[in-house]
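Dumped protein.txt below, it's compact mmCIF, C-alpha atoms:
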# COMPACT_ATOMS: atom_id res chain seq x y z
CA MET A 114 62.61 10.94 -60.03
CA LYS A 115 65.09 10.96 -62.91
CA ARG A 116 63.46 11.46 -66.29
CA GLY A 117 64.81 10.53 -69.71
CA LYS A 118 66.11 13.04 -72.25
CA LYS A 119 63.02 12.70 -74.49
CA TYR A 120 60.66 13.40 -71.57
CA THR A 121 62.74 16.41 -70.46
CA GLU A 122 62.68 17.87 -73.98
CA ALA A 123 58.93 17.24 -74.35
CA ALA A 124 58.21 18.77 -70.92
CA LYS A 125 59.86 22.04 -72.02
CA LEU A 126 56.96 22.53 -74.46
CA VAL A 127 54.43 22.59 -71.62
CA ASP A 128 53.83 25.50 -69.24
CA ARG A 129 52.95 23.70 -65.99
CA ALA A 130 51.24 26.80 -64.60
CA ALA A 131 48.99 27.30 -67.64
CA GLN A 132 45.49 26.00 -68.22
CA TYR A 133 45.06 25.44 -71.94
CA ASP A 134 42.07 25.49 -74.25
CA VAL A 135 41.13 22.01 -75.49
CA GLU A 136 42.58 22.57 -78.99
CA ASP A 137 45.93 23.82 -77.63
CA ALA A 138 46.12 20.97 -75.09
CA ILE A 139 45.51 18.38 -77.82
CA ASP A 140 48.15 20.01 -80.04
CA LEU A 141 50.63 19.72 -77.15
CA VAL A 142 49.68 16.15 -76.24
CA LYS A 143 50.50 15.14 -79.83
CA LYS A 144 53.76 17.12 -79.91
CA THR A 145 54.96 15.60 -76.62
CA ALA A 146 54.27 12.00 -77.76
CA VAL A 147 57.85 11.10 -78.68
CA ALA A 148 57.98 7.39 -77.80
CA LYS A 149 58.69 4.79 -80.48
CA PHE A 150 55.21 3.30 -80.12
CA ASP A 151 51.77 4.81 -80.69
CA GLU A 152 51.06 6.33 -77.27
CA THR A 153 47.61 6.30 -75.69
CA VAL A 154 46.09 9.71 -74.93
CA GLU A 155 44.22 9.81 -71.62
CA ALA A 156 41.98 12.30 -69.86
CA HIS A 157 42.06 12.61 -66.07
CA ILE A 158 39.05 14.53 -64.69
CA ARG A 159 38.76 15.46 -61.01
CA LEU A 160 35.17 16.11 -59.95
CA GLY A 161 33.72 18.09 -57.07
CA VAL A 162 31.78 15.14 -55.67
CA ASP A 163 32.31 12.61 -52.91
CA GLY A 164 32.05 9.12 -54.40
CA ARG A 165 31.75 7.58 -50.93
CA HIS A 166 28.10 8.70 -51.01
CA ALA A 167 25.85 6.63 -53.28
CA ASP A 168 24.00 9.76 -54.47
CA GLN A 169 27.26 11.34 -55.66
CA GLN A 170 28.59 8.42 -57.69
CA VAL A 171 29.44 9.22 -61.30
CA ARG A 172 29.52 6.17 -63.53
CA GLY A 173 28.45 5.28 -67.02
CA ALA A 174 29.62 4.46 -70.51
CA VAL A 175 29.96 6.32 -73.78
CA VAL A 176 30.86 5.35 -77.35
CA LEU A 177 33.78 7.46 -78.57
CA PRO A 178 33.08 8.53 -82.20
CA HIS A 179 36.56 7.51 -83.38
CA GLY A 180 37.14 4.57 -81.02
CA THR A 181 40.14 4.19 -78.73
CA GLY A 182 42.61 2.91 -81.29
CA LYS A 183 42.82 -0.32 -79.34
CA THR A 184 41.52 -3.74 -80.32
CA VAL A 185 39.15 -4.75 -77.51
CA ARG A 186 38.61 -8.43 -76.68
CA VAL A 187 35.05 -9.15 -75.51
CA LEU A 188 33.93 -12.09 -73.36
CA VAL A 189 30.18 -12.75 -73.25
CA PHE A 190 28.47 -14.94 -70.63
CA ALA A 191 25.34 -16.25 -72.35
CA LYS A 192 23.49 -19.45 -73.23
CA GLY A 193 21.42 -20.78 -76.11
CA ASP A 194 20.23 -18.23 -78.66
CA LYS A 195 22.00 -15.38 -76.85
CA ALA A 196 25.32 -17.23 -77.06
CA THR A 197 24.79 -17.73 -80.81
CA GLU A 198 23.86 -14.05 -81.13
CA ALA A 199 27.03 -12.98 -79.27
CA GLU A 200 29.21 -15.13 -81.55
CA ALA A 201 27.51 -13.66 -84.64
CA ALA A 202 28.12 -10.13 -83.31
CA GLY A 203 31.86 -10.79 -83.15
CA ALA A 204 32.45 -11.56 -79.46
CA ASP A 205 35.92 -13.02 -78.98
CA TYR A 206 34.82 -15.54 -76.33
CA VAL A 207 31.37 -16.86 -75.41
CA GLY A 208 30.57 -19.27 -72.62
CA ALA A 209 28.84 -20.03 -69.31
CA GLU A 210 29.64 -22.01 -66.14
CA GLU A 211 32.53 -23.85 -67.83
CA LEU A 212 34.54 -20.60 -67.86
CA ILE A 213 34.44 -20.22 -64.04
CA PRO A 214 37.36 -22.58 -63.23
CA LYS A 215 39.35 -21.31 -66.23
CA ILE A 216 39.21 -17.76 -64.86
CA GLN A 217 39.20 -18.55 -61.14
CA ASN A 218 41.80 -21.33 -61.02
CA ASP A 219 43.86 -20.96 -64.19
CA GLY A 220 44.07 -17.15 -64.10
CA TRP A 221 42.76 -16.76 -67.66
CA PHE A 222 42.24 -13.08 -68.46
CA GLU A 223 42.66 -12.81 -72.21
CA PHE A 224 39.75 -10.36 -72.47
CA ASP A 225 39.24 -6.64 -71.87
CA VAL A 226 35.47 -6.34 -71.32
CA VAL A 227 32.90 -8.78 -69.92
CA VAL A 228 29.25 -8.75 -71.03
CA ALA A 229 26.56 -10.92 -69.48
CA THR A 230 22.86 -11.55 -70.00
CA PRO A 231 20.87 -10.90 -66.79
CA ASP A 232 20.14 -14.62 -66.29
CA MET A 233 23.90 -15.31 -66.19
CA MET A 234 24.70 -12.84 -63.40
CA GLY A 235 24.30 -15.56 -60.76
CA VAL A 236 27.17 -17.40 -62.46
CA VAL A 237 29.27 -14.27 -63.07
CA GLY A 238 28.72 -13.22 -59.44
CA ARG A 239 30.86 -16.16 -58.36
CA LEU A 240 33.78 -14.41 -60.11
CA GLY A 241 33.22 -11.13 -58.26
CA ARG A 242 36.40 -11.46 -56.22
CA VAL A 243 38.61 -11.81 -59.29
CA LEU A 244 36.73 -9.66 -61.82
CA GLY A 245 35.84 -6.82 -59.41
CA PRO A 246 39.37 -5.65 -58.53
CA LYS A 247 40.26 -5.64 -62.25
CA GLY A 248 37.23 -3.48 -63.11
CA LEU A 249 35.84 -6.28 -65.28
CA MET A 250 32.56 -7.00 -63.49
CA PRO A 251 29.56 -6.49 -65.82
CA ASN A 252 27.30 -3.64 -64.76
CA PRO A 253 23.86 -2.49 -66.00
CA LYS A 254 24.93 1.20 -65.86
CA ALA A 255 27.77 0.44 -68.25
CA GLY A 256 25.43 -1.49 -70.55
CA THR A 257 27.35 -4.72 -69.98
CA VAL A 258 24.45 -6.55 -68.31
CA THR A 259 21.90 -6.76 -71.11
CA MET A 260 19.77 -9.05 -73.25
CA ASP A 261 20.81 -7.07 -76.33
CA VAL A 262 24.23 -8.70 -76.64
CA THR A 263 24.54 -7.68 -80.31
CA LYS A 264 24.36 -3.98 -79.44
CA ALA A 265 26.68 -4.43 -76.44
CA VAL A 266 29.37 -6.18 -78.50
CA ASN A 267 29.02 -3.77 -81.43
CA ASP A 268 29.27 -0.70 -79.17
CA ILE A 269 32.34 -2.04 -77.36
CA LYS A 270 34.07 -2.93 -80.63
CA ALA A 271 33.20 0.55 -81.97
CA GLY A 272 34.96 2.28 -79.07
CA LYS A 273 32.65 2.23 -76.06
CA ILE A 274 34.46 3.05 -72.83
CA GLU A 275 33.33 2.99 -69.23
CA TYR A 276 33.97 5.93 -66.91
CA ARG A 277 33.83 5.81 -63.12
CA LEU A 278 35.26 7.64 -60.12
CA ASP A 279 38.32 6.30 -58.36
CA LYS A 280 38.82 6.72 -54.61
CA ALA A 281 40.22 10.25 -55.15
CA ASN A 282 37.09 11.25 -57.14
CA ILE A 283 39.03 11.27 -60.41
CA ILE A 284 37.92 9.67 -63.69
CA HIS A 285 40.68 8.21 -65.89
CA CYS A 286 39.77 7.39 -69.52
CA PRO A 287 41.53 6.82 -72.82
CA VAL A 288 40.44 9.20 -75.58
CA GLY A 289 42.51 7.81 -78.45
CA LYS A 290 46.05 7.41 -79.71
CA ALA A 291 48.76 9.98 -80.46
CA SER A 292 48.45 8.99 -84.14
CA PHE A 293 44.84 10.26 -84.23
CA THR A 294 44.25 13.63 -85.87
CA GLU A 295 43.62 16.62 -83.61
CA GLU A 296 39.99 16.63 -84.79
CA GLN A 297 39.52 12.96 -83.83
CA LEU A 298 41.02 13.46 -80.38
CA ALA A 299 38.91 16.60 -79.84
CA ASP A 300 35.71 14.76 -80.90
CA ASN A 301 36.45 11.87 -78.54
CA PHE A 302 37.44 14.11 -75.64
CA ASN A 303 34.38 16.38 -76.01
CA THR A 304 32.08 13.34 -76.27
CA LEU A 305 33.51 12.00 -72.99
CA MET A 306 33.19 15.38 -71.25
CA ASP A 307 29.57 15.80 -72.44
CA ALA A 308 28.70 12.38 -70.98
CA ILE A 309 30.36 13.17 -67.63
CA ILE A 310 28.62 16.56 -67.41
CA LYS A 311 25.23 14.93 -68.19
CA ALA A 312 25.95 12.40 -65.41
CA LYS A 313 26.33 15.17 -62.80
CA PRO A 314 24.54 14.05 -59.62
CA SER A 315 21.76 16.38 -58.46
CA SER A 316 23.34 16.37 -54.99
CA ALA A 317 26.69 17.74 -56.29
CA LYS A 318 27.41 21.22 -54.91
CA GLY A 319 29.85 23.90 -56.07
CA GLN A 320 32.18 23.52 -59.03
CA TYR A 321 31.57 20.12 -60.63
CA VAL A 322 34.62 19.83 -62.92
CA ARG A 323 37.57 20.76 -60.67
CA SER A 324 40.48 19.90 -62.95
CA VAL A 325 41.13 18.27 -66.32
CA THR A 326 44.51 16.94 -67.45
CA LEU A 327 45.44 15.36 -70.78
CA THR A 328 48.45 13.06 -70.96
CA ASN A 329 50.08 10.62 -73.32
CA THR A 330 51.67 7.38 -72.12
CA MET A 331 55.21 8.71 -71.67
CA GLY A 332 54.77 12.48 -71.61
CA PRO A 333 53.95 15.28 -69.17
CA GLY A 334 50.44 16.20 -68.01
CA ILE A 335 48.79 19.11 -69.83
CA ARG A 336 46.15 21.00 -67.87
CA VAL A 337 42.90 22.00 -69.57
CA ASN A 338 40.91 24.99 -68.33
CA PRO A 339 38.05 23.37 -66.35
CA LEU A 340 35.88 26.49 -66.55
CA LYS A 341 35.11 25.54 -70.17
CA PHE A 342 32.98 22.74 -68.71
CA ALA A 343 31.20 24.70 -66.00

As structure tokens, the full file:
Amino acid sequence: MKRGKKYTEAAKLVDRAAQYDVEDAIDLVKKTAVAKFDETVEAHIRLGVDGRHADQQVRGAVVLPHGTGKTVRVLVFAKGDKATEAEAAGADYVGAEELIPKIQNDGWFEFDVVVATPDMMGVVGRLGRVLGPKGLMPNPKAGTVTMDVTKAVNDIKAGKIEYRLDKANIIHCPVGKASFTEEQLADNFNTLMDAIIKAKPSSAKGQYVRSVTLTNTMGPGIRVNPLKFA
């Protein structure tokens, strides 16, 4: 694959064989962010579990102390007082059954996170086929199925992210923007890693954190020493 000149120059700063300390990796991820826009910094964590087994699933949510640097649009499925509460908390969209055809038939997806009160899950369940593949289905483990819609909306707006295994047993999460300070990126990254380590299934055997890579949107991957998280 042919790479651009900026990528090639940035890649020269990174030793592909090395496993860096967190501080050095963050320094490099900022130095290699050379695009004209504010690149997203992501962490990719491969775990020593098998997500095909229910007792080895790793999933949850965590509020990053400095947010993600992205404005998150929140849709809340609620009725009555809970709908009013969601609007007061700053939800971008609030509704109930009337949103089903808009999403299902019109392909409306101008939202990033979906929250629902438990009594609305029967309605939201009808959207499973369209929300599920996009990772938008509300889930109690992620705190997006709740009666406390104020807390849910506030947490999401403050920088709450969801983490979950993909089919290759890797977690992919944003930890900020290249414009963040090194301290902000380190705080966010360490907060995410602490949450993932606390979520270690009791059935997991051997080395839990197999590999950790930090990347920015357009730059090379920078490997972090996974033994720091053993």

Counting all atoms listed in the file, which of A:Ala317, A:Ala209, A:Ala299, A:Glu152 gets nearest to A:Ala138?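 The answer is A:Ala299, which sits nearest to A:Ala138.
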
List every residue of stretch 270-342 of chain A that has an atom at most 12 Å from any atom of stretch 215-235 of chain A, giving for each one its closest atom pair and the distance in Å to one decimal, counting only C-alpha atoms, sorted by chain and then by ascending residue number, as a Markdown table.
| residue | atom | partner | partner_atom | distance |
| --- | --- | --- | --- | --- |
| A:Lys270 | CA | A:Val226 | CA | 10.0 |
| A:Gly272 | CA | A:Val226 | CA | 11.6 |
| A:Lys273 | CA | A:Val226 | CA | 10.2 |
| A:Ile274 | CA | A:Val226 | CA | 9.6 |
| A:Glu275 | CA | A:Val226 | CA | 9.8 |

Go ahead and compute the interatomic distance for atom CA of A:Thr294 and atom CA of A:Val147, in Å to one decimal.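 Computing the Euclidean distance for atom CA of A:Thr294 and atom CA of A:Val147 yields 15.6 Å.
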
Atom pair atom CA of A:Val262 / atom CA of A:Ala202: separation (Å): 7.9 Å

Between A:Ile158, A:Val322, A:Ile309, A:Ile269, which one has atoms that come closest to A:Leu188, using all atoms listed in the file? A:Ile269

Near A:Val135, counting all atoms listed in the file, which residues have an atom at most 9 Å away, once you skip same-chain residues fewer than 2 positions from it, shown as a PyMOL selection string? chain A and resi 133+137-140+299+302-303+337-338+341

Coordinates-based distance that separates atom CA of A:Arg159 from atom CA of A:Ile283 (Å, one decimal): 4.2 Å

Where atoms are absent from stretch 295-306 of chain A, fill them in so it carries all heavy atoms, then output it as a PDB file, in the frame of the given file.
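Listed below is the output, part_18.pdb:
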ATOM      1  N   GLU A 295      44.079  15.735 -84.696  1.00  0.00           N
ATOM      2  CA  GLU A 295      43.620  16.620 -83.610  1.00  0.00           C
ATOM      3  C   GLU A 295      42.102  16.644 -83.563  1.00  0.00           C
ATOM      4  O   GLU A 295      41.515  16.686 -82.479  1.00  0.00           O
ATOM      5  CB  GLU A 295      44.189  18.030 -83.819  1.00  0.00           C
ATOM      6  CG  GLU A 295      45.695  18.085 -83.575  1.00  0.00           C
ATOM      7  CD  GLU A 295      46.289  19.467 -83.806  1.00  0.00           C
ATOM      8  OE1 GLU A 295      45.530  20.449 -83.750  1.00  0.00           O
ATOM      9  OE2 GLU A 295      47.499  19.537 -84.040  1.00  0.00           O
ATOM     10  N   GLU A 296      41.457  16.599 -84.739  1.00  0.00           N
ATOM     11  CA  GLU A 296      39.990  16.630 -84.790  1.00  0.00           C
ATOM     12  C   GLU A 296      39.402  15.376 -84.148  1.00  0.00           C
ATOM     13  O   GLU A 296      38.417  15.447 -83.403  1.00  0.00           O
ATOM     14  CB  GLU A 296      39.503  16.759 -86.242  1.00  0.00           C
ATOM     15  CG  GLU A 296      39.764  18.094 -86.900  1.00  0.00           C
ATOM     16  CD  GLU A 296      41.225  18.273 -87.321  1.00  0.00           C
ATOM     17  OE1 GLU A 296      41.973  17.255 -87.401  1.00  0.00           O
ATOM     18  OE2 GLU A 296      41.624  19.426 -87.546  1.00  0.00           O
ATOM     19  N   GLN A 297      40.014  14.217 -84.418  1.00  0.00           N
ATOM     20  CA  GLN A 297      39.520  12.960 -83.830  1.00  0.00           C
ATOM     21  C   GLN A 297      39.665  12.956 -82.314  1.00  0.00           C
ATOM     22  O   GLN A 297      38.740  12.555 -81.598  1.00  0.00           O
ATOM     23  CB  GLN A 297      40.287  11.775 -84.433  1.00  0.00           C
ATOM     24  CG  GLN A 297      39.910  11.454 -85.869  1.00  0.00           C
ATOM     25  CD  GLN A 297      40.823  10.382 -86.461  1.00  0.00           C
ATOM     26  OE1 GLN A 297      42.019  10.334 -86.176  1.00  0.00           O
ATOM     27  NE2 GLN A 297      40.257   9.518 -87.284  1.00  0.00           N
ATOM     28  N   LEU A 298      40.811  13.407 -81.838  1.00  0.00           N
ATOM     29  CA  LEU A 298      41.020  13.460 -80.380  1.00  0.00           C
ATOM     30  C   LEU A 298      40.049  14.440 -79.730  1.00  0.00           C
ATOM     31  O   LEU A 298      39.504  14.166 -78.662  1.00  0.00           O
ATOM     32  CB  LEU A 298      42.465  13.849 -80.065  1.00  0.00           C
ATOM     33  CG  LEU A 298      43.524  12.758 -80.307  1.00  0.00           C
ATOM     34  CD1 LEU A 298      44.924  13.334 -80.175  1.00  0.00           C
ATOM     35  CD2 LEU A 298      43.344  11.602 -79.327  1.00  0.00           C
ATOM     36  N   ALA A 299      39.831  15.591 -80.384  1.00  0.00           N
ATOM     37  CA  ALA A 299      38.910  16.600 -79.840  1.00  0.00           C
ATOM     38  C   ALA A 299      37.480  16.047 -79.790  1.00  0.00           C
ATOM     39  O   ALA A 299      36.766  16.226 -78.792  1.00  0.00           O
ATOM     40  CB  ALA A 299      38.963  17.880 -80.664  1.00  0.00           C
ATOM     41  N   ASP A 300      37.052  15.366 -80.861  1.00  0.00           N
ATOM     42  CA  ASP A 300      35.710  14.760 -80.900  1.00  0.00           C
ATOM     43  C   ASP A 300      35.539  13.767 -79.746  1.00  0.00           C
ATOM     44  O   ASP A 300      34.527  13.777 -79.035  1.00  0.00           O
ATOM     45  CB  ASP A 300      35.481  14.018 -82.221  1.00  0.00           C
ATOM     46  CG  ASP A 300      35.154  14.948 -83.375  1.00  0.00           C
ATOM     47  OD1 ASP A 300      34.936  16.147 -83.127  1.00  0.00           O
ATOM     48  OD2 ASP A 300      35.119  14.466 -84.530  1.00  0.00           O
ATOM     49  N   ASN A 301      36.525  12.891 -79.601  1.00  0.00           N
ATOM     50  CA  ASN A 301      36.450  11.870 -78.540  1.00  0.00           C
ATOM     51  C   ASN A 301      36.440  12.501 -77.160  1.00  0.00           C
ATOM     52  O   ASN A 301      35.637  12.126 -76.295  1.00  0.00           O
ATOM     53  CB  ASN A 301      37.646  10.915 -78.653  1.00  0.00           C
ATOM     54  CG  ASN A 301      37.456   9.846 -79.718  1.00  0.00           C
ATOM     55  OD1 ASN A 301      36.414   9.752 -80.347  1.00  0.00           O
ATOM     56  ND2 ASN A 301      38.474   9.028 -79.915  1.00  0.00           N
ATOM     57  N   PHE A 302      37.334  13.461 -76.944  1.00  0.00           N
ATOM     58  CA  PHE A 302      37.440  14.110 -75.640  1.00  0.00           C
ATOM     59  C   PHE A 302      36.142  14.858 -75.306  1.00  0.00           C
ATOM     60  O   PHE A 302      35.613  14.739 -74.191  1.00  0.00           O
ATOM     61  CB  PHE A 302      38.623  15.090 -75.633  1.00  0.00           C
ATOM     62  CG  PHE A 302      38.722  15.926 -74.385  1.00  0.00           C
ATOM     63  CD1 PHE A 302      39.115  15.361 -73.181  1.00  0.00           C
ATOM     64  CD2 PHE A 302      38.403  17.279 -74.410  1.00  0.00           C
ATOM     65  CE1 PHE A 302      39.193  16.128 -72.026  1.00  0.00           C
ATOM     66  CE2 PHE A 302      38.489  18.053 -73.266  1.00  0.00           C
ATOM     67  CZ  PHE A 302      38.879  17.467 -72.073  1.00  0.00           C
ATOM     68  N   ASN A 303      35.613  15.617 -76.264  1.00  0.00           N
ATOM     69  CA  ASN A 303      34.380  16.380 -76.010  1.00  0.00           C
ATOM     70  C   ASN A 303      33.184  15.465 -75.785  1.00  0.00           C
ATOM     71  O   ASN A 303      32.296  15.776 -74.988  1.00  0.00           O
ATOM     72  CB  ASN A 303      34.119  17.360 -77.158  1.00  0.00           C
ATOM     73  CG  ASN A 303      35.098  18.530 -77.149  1.00  0.00           C
ATOM     74  OD1 ASN A 303      35.499  19.013 -76.084  1.00  0.00           O
ATOM     75  ND2 ASN A 303      35.508  18.983 -78.316  1.00  0.00           N
ATOM     76  N   THR A 304      33.153  14.322 -76.470  1.00  0.00           N
ATOM     77  CA  THR A 304      32.080  13.340 -76.270  1.00  0.00           C
ATOM     78  C   THR A 304      32.124  12.794 -74.842  1.00  0.00           C
ATOM     79  O   THR A 304      31.098  12.670 -74.171  1.00  0.00           O
ATOM     80  CB  THR A 304      32.200  12.183 -77.292  1.00  0.00           C
ATOM     81  OG1 THR A 304      32.083  12.728 -78.608  1.00  0.00           O
ATOM     82  CG2 THR A 304      31.123  11.130 -77.079  1.00  0.00           C
ATOM     83  N   LEU A 305      33.334  12.483 -74.363  1.00  0.00           N
ATOM     84  CA  LEU A 305      33.510  12.000 -72.990  1.00  0.00           C
ATOM     85  C   LEU A 305      33.075  13.071 -71.987  1.00  0.00           C
ATOM     86  O   LEU A 305      32.323  12.777 -71.041  1.00  0.00           O
ATOM     87  CB  LEU A 305      34.970  11.619 -72.750  1.00  0.00           C
ATOM     88  CG  LEU A 305      35.346  11.294 -71.291  1.00  0.00           C
ATOM     89  CD1 LEU A 305      34.628  10.037 -70.802  1.00  0.00           C
ATOM     90  CD2 LEU A 305      36.861  11.131 -71.149  1.00  0.00           C
ATOM     91  N   MET A 306      33.532  14.303 -72.185  1.00  0.00           N
ATOM     92  CA  MET A 306      33.190  15.380 -71.250  1.00  0.00           C
ATOM     93  C   MET A 306      31.681  15.639 -71.220  1.00  0.00           C
ATOM     94  O   MET A 306      31.114  15.862 -70.153  1.00  0.00           O
ATOM     95  CB  MET A 306      33.953  16.666 -71.613  1.00  0.00           C
ATOM     96  CG  MET A 306      35.449  16.612 -71.371  1.00  0.00           C
ATOM     97  SD  MET A 306      35.937  16.132 -69.685  1.00  0.00           S
ATOM     98  CE  MET A 306      35.168  17.433 -68.703  1.00  0.00           C
TER      99      MET A 306
END
